[in-house]
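K.L.:
The structure that follows is given in the form of structure tokens.
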Amino acid sequence: MADRDDFGATLTFDLSRPGRVGCTLPPLDVPEAPLPSGDLLRDDITLPELSQPDVVRYFTQLSQRNFSIDTGFYPLGSCSMKYNPRINEVAARLSGLADVHPMQSDETAQGALALMHGLQRLLAEITGMHDVSLAPDAGAHGELAGILIASAYHNSNGGPRRRVLVPDSAHGTNPATAAMAGFQVESIPSDTDGNLDFEALRAALDSNGDSVAALMLTLPSTLGLFEPRITQIADLLHDHGALLYGDGANMNAMLGRVKPGDLGFDVFHLNLHKTFSTPHGGGGPGAGPIAVTAALAPFLPAPHVRQDKSSARFSLETPEHSIGRLGLFHGNFGVLVRAYAYILSLGAEGLRGISEAAVLNANYVLTRLRDAYRLPYDRRCMHEVVISGSRQKANGVKTLDIAKRLIDYGFHPPTIYFPLIVDEAMMIEPTESETKETLDAFCDAMLVIAKEAEATPDLVREAPARAPLRRLDEATAARKPVLRWTR
Amino acid sequence: MNIPTELRYTKEHEWIRAEGDIGTIGITDYAQDQLGDIVYLDLPAVGAPLTQNDKLGEIESVKAVSDLYAPVSGEVLEVNTEAVDQPEAVNEEPYGKGWLIRVRLSDASELDAMLTNEAYDELIVREMEEHSD
């Protein structure tokens with residue numbers, strides 16, 4: 001068996017021995033049939049030959065190398081890497097939900113459609129919006145749906161508009177979405193308090209204001225800050241006939257506290273795989289439903305679930321001026337089931353408690369770290385806190401080094417170098433499900449690293465020392481991946 | 001911030017050192033400082049044609065991937081393969097061993113429209129004021 005510390009470098013091919021087998025086939029109990037001619041069969045596929053326990057041990061040991069929310073603290077800002085309660089998994093595995101086929105008729109899938117309809121209504125209530133589409137399969141997919149809806153809305157109300165405004169603190173997906181939808185993207189700066197520069201927004205609207213389709217705003221912002229002028233921003237946009245698009249990646253700060261619809265948002269996307277707990281550590285699948293006002297509801301993507309008032313039956317419909325379909329079938333249904341289970345198991349009070357604990361935990365981290373690290377915006381944060389390693393950088397220790405050193409202390413590093421407008425940024429989102437003991441252990445490690453950065457900077461610069469591998473060449477791995485094994 | 005007087009600059013933070021019709025191109029000290037640790041360079045092949053202001057390649061740091069733009073039109077004569085192998089050279093000596101490509105200029109008059117060291121200094125002072133937090 002491979003040396004445990006060598007894991008990642010050793011493949012099943014390396015462990016293969018000619019003739020070794022992992023299982024025995026039962027005796028032939030059907031008439032023997034000749035295989036097709038040799039031209040159709042390849043003999044150059046060298047599959048690894050291992051015993052069954054070797055295969056089991058190989059993959060079990062590989063899985064033990066994985067860092068996940070099930071094994072440790074994972075404070076990745078802007079990602080809400082929250083614990084996925086196991087009851088969600090029980091619900092998603094119920095035969096009636098797991099074995100339903102997307103090609104079934106609406107009549108034979110009433111339960112699944114009822115769940116989708118129920119989730120549409122719950123999300124509309126949580127966001128304070130008129131209606132919801134579950135069709136988008138991820139956050140950026142939801143953004144695209146929202147911006148295409150804004151585009152379709154303007155096209156049928158006064159004509160096309162070509163500009164989309166995006167704050168300089170935005171997720172990179174926001175400008176990318178607007179550009180992909182054919183808009184001209186303009187960046188609006190942040191002010192010294194970390195809020196949107198209101199005068200810059202006014203100036204952008206004063207020059208050809210009727211060419212602005214929408215402002216894409218994340219609330220709370222990626223700086224983890226609530227925008228105090230949010231209703232004024234909404235009014236200003238609406239005065240110019242523009243829409244307010246909400247990036248809901250940070251909804252975890254607001255559940256049950258404030259409704260985006262009440263603040264003036266016209267479109268708001270949600271990440272079920274963040275705020276509503278479904279797992280997303282492996283890169284998906286996700287779900288990025290969008291919630292819209294009554295004026296935008298006719299443009300929602302298909303399919304949309306409706307309930308007939310007289311018969312109470314559920315069916316799939318395409319809204320009147322729908323932007324069309326975004327993908328196959330009904331979206332990532334398993335993710336919808338988990339989000340539905342999450343909301344129902346918590347209830348309204350439970351959801352309020354989520355945002356309360358998430359915000360409290362982030363502010364606890366802020367308070368414990370504020371003397372050791374620079375705080376770019378000295379104000380109460382929401383569900384995540386952005387700190388800067390600029391003080392440590394002056395001593396030759398960069399944020400990347402601090403992140404790598406955290407691995408030595410058993411923690412997944414936070415998001416680093418984002419938001420782009422904060423020098424040496426570290427974006428810490430503890431989420432609601434962590435105990436004070438876990439938060440203290442993490443903060444203790446951060447404080448020790450700040451001391452090490454002064455006393456023994458090389459120790460930090462050379463981290464991680466306790467991981468199986470040191471610094472990886474991530475850029476080359478992403479750009480020139482070696483995907484083919486050769487002997 | 002180091003801004004050598006004998007070079008010409010772009011507002012995209014490239015520099016060029018022209019000697020006759022041969023130009024050496026790199027990124028500025030300010031650019032490497034803003035990018036942080038540079039981990040990857042994607043540069044054109046020798047012989048590739050360049051058009052002024054068009055994208056010539058990419059530079060990746062631990063923070064972001066940024067486009068590189070051609071300060072002048074011409075043809076690539078040489079690529080700094082040592083910097084490709086050791087991208088940290090661009091952080092260490094952006095005007096020295098961290099140069100990126102050497103080109104044959106097709107129109108030396110393009111240099112006249114580029115920024116002088118004083119003009120580039122003013123540009124980055126403005127940028128730093130906008131970015132101060």
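Please note that chains go A, B, ... in the order of the structure tokens, that every chain numbers its residues from 1, and that ligands are numbered from 1 in the order shown.
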With the cut-off set at 12 Å and counting only C-alpha atoms, tabulate each residue of chain A with an atom at most that distance from an atom of chain B, showing the nearest atom pair and its distance in Å to one decimal, ordered by chain and increasing number, as JSON lines.

P.N.:
```
{"residue": "A:Asp168", "atom": "CA", "partner": "B:His131", "partner_atom": "CA", "distance": 10.5}
{"residue": "A:Ser169", "atom": "CA", "partner": "B:His131", "partner_atom": "CA", "distance": 11.7}
{"residue": "A:Gly172", "atom": "CA", "partner": "B:Ala64", "partner_atom": "CA", "distance": 10.6}
{"residue": "A:Ile188", "atom": "CA", "partner": "B:Glu130", "partner_atom": "CA", "distance": 11.8}
{"residue": "A:Pro189", "atom": "CA", "partner": "B:Glu130", "partner_atom": "CA", "distance": 8.7}
{"residue": "A:Ser190", "atom": "CA", "partner": "B:His131", "partner_atom": "CA", "distance": 9.6}
{"residue": "A:Asp191", "atom": "CA", "partner": "B:Asp133", "partner_atom": "CA", "distance": 9.0}
{"residue": "A:Thr192", "atom": "CA", "partner": "B:Asp133", "partner_atom": "CA", "distance": 6.6}
{"residue": "A:Asp193", "atom": "CA", "partner": "B:Asp133", "partner_atom": "CA", "distance": 8.9}
{"residue": "A:Gly194", "atom": "CA", "partner": "B:Asp133", "partner_atom": "CA", "distance": 8.8}
{"residue": "A:Arg374", "atom": "CA", "partner": "B:Asp133", "partner_atom": "CA", "distance": 11.0}
{"residue": "A:Leu375", "atom": "CA", "partner": "B:Asp133", "partner_atom": "CA", "distance": 10.1}
{"residue": "A:Pro376", "atom": "CA", "partner": "B:Asp133", "partner_atom": "CA", "distance": 6.5}
{"residue": "A:Tyr377", "atom": "CA", "partner": "B:Asp133", "partner_atom": "CA", "distance": 8.2}
{"residue": "A:Asp378", "atom": "CA", "partner": "B:Asp133", "partner_atom": "CA", "distance": 11.2}
{"residue": "A:Ile387", "atom": "CA", "partner": "B:Asp133", "partner_atom": "CA", "distance": 11.9}
{"residue": "A:Ser388", "atom": "CA", "partner": "B:Asp133", "partner_atom": "CA", "distance": 10.6}
{"residue": "A:Ser390", "atom": "CA", "partner": "B:Asp133", "partner_atom": "CA", "distance": 11.2}
{"residue": "A:Lys393", "atom": "CA", "partner": "B:Gly36", "partner_atom": "CA", "distance": 10.8}
{"residue": "A:Val397", "atom": "CA", "partner": "B:Asp37", "partner_atom": "CA", "distance": 11.8}
{"residue": "A:Lys398", "atom": "CA", "partner": "B:Gly36", "partner_atom": "CA", "distance": 9.0}
{"residue": "A:Thr399", "atom": "CA", "partner": "B:Val62", "partner_atom": "CA", "distance": 10.1}
{"residue": "A:Leu400", "atom": "CA", "partner": "B:Val62", "partner_atom": "CA", "distance": 7.8}
{"residue": "A:Asp401", "atom": "CA", "partner": "B:Asp37", "partner_atom": "CA", "distance": 11.0}
{"residue": "A:Ala403", "atom": "CA", "partner": "B:Val62", "partner_atom": "CA", "distance": 11.9}
{"residue": "A:Thr415", "atom": "CA", "partner": "B:Lys63", "partner_atom": "CA", "distance": 10.8}
{"residue": "A:Ile416", "atom": "CA", "partner": "B:Lys63", "partner_atom": "CA", "distance": 8.0}
{"residue": "A:Tyr417", "atom": "CA", "partner": "B:Lys63", "partner_atom": "CA", "distance": 5.5}
{"residue": "A:Phe418", "atom": "CA", "partner": "B:Lys63", "partner_atom": "CA", "distance": 7.8}
{"residue": "A:Pro419", "atom": "CA", "partner": "B:Lys63", "partner_atom": "CA", "distance": 10.0}
{"residue": "A:Leu420", "atom": "CA", "partner": "B:Lys63", "partner_atom": "CA", "distance": 8.1}
{"residue": "A:Ile421", "atom": "CA", "partner": "B:His131", "partner_atom": "CA", "distance": 6.8}
{"residue": "A:Val422", "atom": "CA", "partner": "B:Asp133", "partner_atom": "CA", "distance": 7.0}
{"residue": "A:Asp423", "atom": "CA", "partner": "B:Asp133", "partner_atom": "CA", "distance": 8.1}
{"residue": "A:Glu424", "atom": "CA", "partner": "B:Gly36", "partner_atom": "CA", "distance": 9.0}
{"residue": "A:Ala425", "atom": "CA", "partner": "B:Lys63", "partner_atom": "CA", "distance": 9.9}
{"residue": "A:Met426", "atom": "CA", "partner": "B:Lys63", "partner_atom": "CA", "distance": 11.7}
{"residue": "A:Arg471", "atom": "CA", "partner": "B:Val39", "partner_atom": "CA", "distance": 11.9}
{"residue": "A:Leu472", "atom": "CA", "partner": "B:Val39", "partner_atom": "CA", "distance": 10.9}
{"residue": "A:Asp473", "atom": "CA", "partner": "B:Val39", "partner_atom": "CA", "distance": 8.0}
{"residue": "A:Glu474", "atom": "CA", "partner": "B:Val39", "partner_atom": "CA", "distance": 8.4}
{"residue": "A:Ala475", "atom": "CA", "partner": "B:Tyr40", "partner_atom": "CA", "distance": 6.2}
{"residue": "A:Thr476", "atom": "CA", "partner": "B:Tyr40", "partner_atom": "CA", "distance": 7.2}
{"residue": "A:Ala477", "atom": "CA", "partner": "B:Tyr40", "partner_atom": "CA", "distance": 10.7}
{"residue": "A:Ala478", "atom": "CA", "partner": "B:Tyr40", "partner_atom": "CA", "distance": 10.5}
{"residue": "A:Arg479", "atom": "CA", "partner": "B:Tyr40", "partner_atom": "CA", "distance": 9.0}
{"residue": "A:Lys480", "atom": "CA", "partner": "B:Tyr40", "partner_atom": "CA", "distance": 10.9}
```

K.L.:
Deliver the residues from the most recent selection as a file, using N, CA and C atoms, as a CSV table (one decimal), in the first residue's frame.

P.N.:
```csv
chain,number,residue,atom,x,y,z
A,168,ASP,N,-17.5,48.8,-7.2
A,168,ASP,CA,-16.1,48.2,-7.3
A,168,ASP,C,-15.9,47.2,-6.3
A,169,SER,N,-16.8,47.0,-5.4
A,169,SER,CA,-16.6,45.9,-4.4
A,169,SER,C,-17.4,44.6,-4.8
A,172,GLY,N,-17.0,39.3,-8.9
A,172,GLY,CA,-16.6,39.4,-10.3
A,172,GLY,C,-17.6,38.9,-11.2
A,188,ILE,N,-18.9,51.7,-10.2
A,188,ILE,CA,-19.1,52.8,-9.3
A,188,ILE,C,-18.3,52.6,-8.1
A,189,PRO,N,-17.5,53.6,-7.7
A,189,PRO,CA,-16.5,53.4,-6.6
A,189,PRO,C,-17.3,53.3,-5.2
A,190,SER,N,-16.5,52.8,-4.2
A,190,SER,CA,-17.0,52.8,-2.9
A,190,SER,C,-16.5,54.1,-2.2
A,191,ASP,N,-17.2,54.6,-1.2
A,191,ASP,CA,-16.7,55.7,-0.4
A,191,ASP,C,-15.8,55.3,0.7
A,192,THR,N,-15.3,56.2,1.5
A,192,THR,CA,-14.3,55.9,2.6
A,192,THR,C,-14.9,55.0,3.7
A,193,ASP,N,-16.3,55.0,3.8
A,193,ASP,CA,-16.9,54.1,4.8
A,193,ASP,C,-17.2,52.7,4.3
A,194,GLY,N,-16.9,52.5,3.0
A,194,GLY,CA,-17.1,51.2,2.4
A,194,GLY,C,-18.5,51.1,1.8
A,374,ARG,N,-5.3,45.0,10.7
A,374,ARG,CA,-5.9,46.3,10.3
A,374,ARG,C,-7.3,46.0,9.9
A,375,LEU,N,-8.2,46.9,10.3
A,375,LEU,CA,-9.6,46.8,10.0
A,375,LEU,C,-9.9,48.0,9.0
A,376,PRO,N,-10.1,47.7,7.7
A,376,PRO,CA,-10.1,48.7,6.7
A,376,PRO,C,-11.4,49.7,6.9
A,377,TYR,N,-12.4,49.1,7.4
A,377,TYR,CA,-13.6,49.9,7.7
A,377,TYR,C,-14.0,49.6,9.1
A,378,ASP,N,-13.8,50.6,10.0
A,378,ASP,CA,-14.0,50.4,11.4
A,378,ASP,C,-15.5,50.6,11.8
A,387,ILE,N,-10.7,41.8,7.0
A,387,ILE,CA,-9.6,42.5,7.7
A,387,ILE,C,-8.5,42.5,6.7
A,388,SER,N,-7.4,43.3,7.0
A,388,SER,CA,-6.3,43.4,6.1
A,388,SER,C,-5.0,43.0,6.7
A,390,SER,N,-2.2,44.2,5.8
A,390,SER,CA,-1.2,45.2,5.4
A,390,SER,C,-0.1,45.5,6.4
A,393,LYS,N,2.3,42.8,6.1
A,393,LYS,CA,3.0,42.9,4.8
A,393,LYS,C,4.3,43.8,4.9
A,397,VAL,N,5.5,39.6,5.5
A,397,VAL,CA,4.6,38.5,5.6
A,397,VAL,C,3.3,38.9,4.9
A,398,LYS,N,3.0,38.2,3.8
A,398,LYS,CA,1.8,38.5,3.0
A,398,LYS,C,0.6,37.7,3.5
A,399,THR,N,-0.5,38.2,3.0
A,399,THR,CA,-1.8,37.6,3.4
A,399,THR,C,-1.8,36.1,2.9
A,400,LEU,N,-1.2,35.8,1.8
A,400,LEU,CA,-1.1,34.4,1.3
A,400,LEU,C,-0.4,33.6,2.3
A,401,ASP,N,0.7,34.1,2.9
A,401,ASP,CA,1.5,33.4,3.9
A,401,ASP,C,0.6,33.1,5.2
A,403,ALA,N,-2.6,32.9,5.3
A,403,ALA,CA,-3.5,31.8,4.9
A,403,ALA,C,-2.9,30.4,5.0
A,415,THR,N,-11.3,33.4,2.6
A,415,THR,CA,-11.2,34.0,1.3
A,415,THR,C,-10.1,35.1,1.4
A,416,ILE,N,-9.1,35.1,0.4
A,416,ILE,CA,-8.1,36.1,0.5
A,416,ILE,C,-8.0,36.9,-0.8
A,417,TYR,N,-7.5,38.1,-0.7
A,417,TYR,CA,-7.3,39.1,-1.8
A,417,TYR,C,-8.7,39.4,-2.5
A,418,PHE,N,-9.7,39.3,-1.7
A,418,PHE,CA,-11.1,39.8,-2.2
A,418,PHE,C,-11.8,40.3,-0.9
A,419,PRO,N,-12.5,41.4,-1.0
A,419,PRO,CA,-12.7,42.3,-2.2
A,419,PRO,C,-11.4,42.9,-2.6
A,420,LEU,N,-11.4,43.2,-4.0
A,420,LEU,CA,-10.2,43.7,-4.6
A,420,LEU,C,-9.8,45.1,-4.0
A,421,ILE,N,-10.8,45.9,-3.5
A,421,ILE,CA,-10.5,47.2,-3.1
A,421,ILE,C,-9.8,47.3,-1.7
A,422,VAL,N,-9.7,46.1,-1.0
A,422,VAL,CA,-8.9,46.1,0.3
A,422,VAL,C,-7.6,45.5,0.1
A,423,ASP,N,-6.5,46.2,0.4
A,423,ASP,CA,-5.2,45.8,0.3
A,423,ASP,C,-5.0,44.5,1.2
A,424,GLU,N,-4.4,43.5,0.7
A,424,GLU,CA,-4.1,42.3,1.5
A,424,GLU,C,-5.3,41.7,2.2
A,425,ALA,N,-6.5,41.7,1.5
A,425,ALA,CA,-7.7,41.4,2.2
A,425,ALA,C,-7.8,39.9,2.7
A,426,MET,N,-8.5,39.8,3.8
A,426,MET,CA,-8.9,38.4,4.3
A,426,MET,C,-10.4,38.6,4.7
A,471,ARG,N,3.8,24.4,-0.6
A,471,ARG,CA,3.1,25.3,-1.6
A,471,ARG,C,3.0,24.6,-2.9
A,472,LEU,N,1.8,24.6,-3.5
A,472,LEU,CA,1.6,24.0,-4.8
A,472,LEU,C,1.6,25.0,-5.9
A,473,ASP,N,2.0,24.6,-7.0
A,473,ASP,CA,2.0,25.5,-8.2
A,473,ASP,C,0.6,25.6,-8.8
A,474,GLU,N,-0.3,26.3,-8.1
A,474,GLU,CA,-1.7,26.3,-8.5
A,474,GLU,C,-1.9,26.9,-9.9
A,475,ALA,N,-1.1,27.9,-10.2
A,475,ALA,CA,-1.3,28.5,-11.6
A,475,ALA,C,-1.1,27.5,-12.7
A,476,THR,N,0.1,26.8,-12.6
A,476,THR,CA,0.4,25.9,-13.7
A,476,THR,C,-0.6,24.7,-13.6
A,477,ALA,N,-1.0,24.3,-12.4
A,477,ALA,CA,-2.0,23.2,-12.3
A,477,ALA,C,-3.3,23.5,-13.0
A,478,ALA,N,-3.7,24.8,-12.9
A,478,ALA,CA,-5.0,25.2,-13.5
A,478,ALA,C,-4.8,25.4,-15.0
A,479,ARG,N,-3.6,25.9,-15.4
A,479,ARG,CA,-3.5,26.3,-16.8
A,479,ARG,C,-2.9,25.1,-17.7
A,480,LYS,N,-2.1,24.3,-17.1
A,480,LYS,CA,-1.6,23.2,-17.8
A,480,LYS,C,-1.7,21.9,-17.0
```

K.L.:
Quick one: DSSP strand (DSSP E) residues in segment 139-352 of chain A, as a ChimeraX atom specification?

P.N.:
/A:163-167,184-188,212-218,243-248,267-270,290-292,304-307,314-317

K.L.:
Which neighbours of Thr28 of chain B fall inside 9 Å, counting only C-alpha atoms, when residues of the same chain fewer than 5 positions from it are skipped, and could you give them as number ranges by chain?

P.N.:
B: 2-3, 9, 13-15, 33, 94-95

K.L.:
Taking only C-alpha atoms into account, produce a table as a Markdown table in which each residue of segment 431-452 of chain A with an atom at most 8 Å from an atom of segment 76-82 of chain A appears once, together with its shortest atom pair and the distance in Å to one decimal, ordered by chain and rising number.

P.N.:
```
| residue | atom | partner | partner_atom | distance |
| --- | --- | --- | --- | --- |
| A:Thr431 | CA | A:Lys82 | CA | 6.0 |
| A:Glu432 | CA | A:Lys82 | CA | 7.5 |
| A:Ser433 | CA | A:Lys82 | CA | 6.8 |
```

K.L.:
Can you list every residue of segment 6-85 of chain B that has an atom at most 7 Å from segment 106-128 of chain B, with its nearest atom pair and the distance in Å to one decimal, using only C-alpha atoms, ordered by chain then number, as CSV?

P.N.:
```
residue,atom,partner,partner_atom,distance
B:Leu7,CA,B:Asn117,CA,6.8
B:Arg8,CA,B:Thr116,CA,5.3
B:Tyr9,CA,B:Leu115,CA,4.8
B:Thr10,CA,B:Leu115,CA,5.9
B:Asp21,CA,B:Ala108,CA,6.6
B:Val72,CA,B:Glu110,CA,6.3
B:Ser73,CA,B:Ser106,CA,5.8
B:Gly74,CA,B:Ser106,CA,4.6
```

K.L.:
Calculate how many Å separate atom CA of Lys259 of chain A from atom CA of Thr127 of chain A, rounding to one decimal.

P.N.:
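These two atoms are separated by 4.8 Å.
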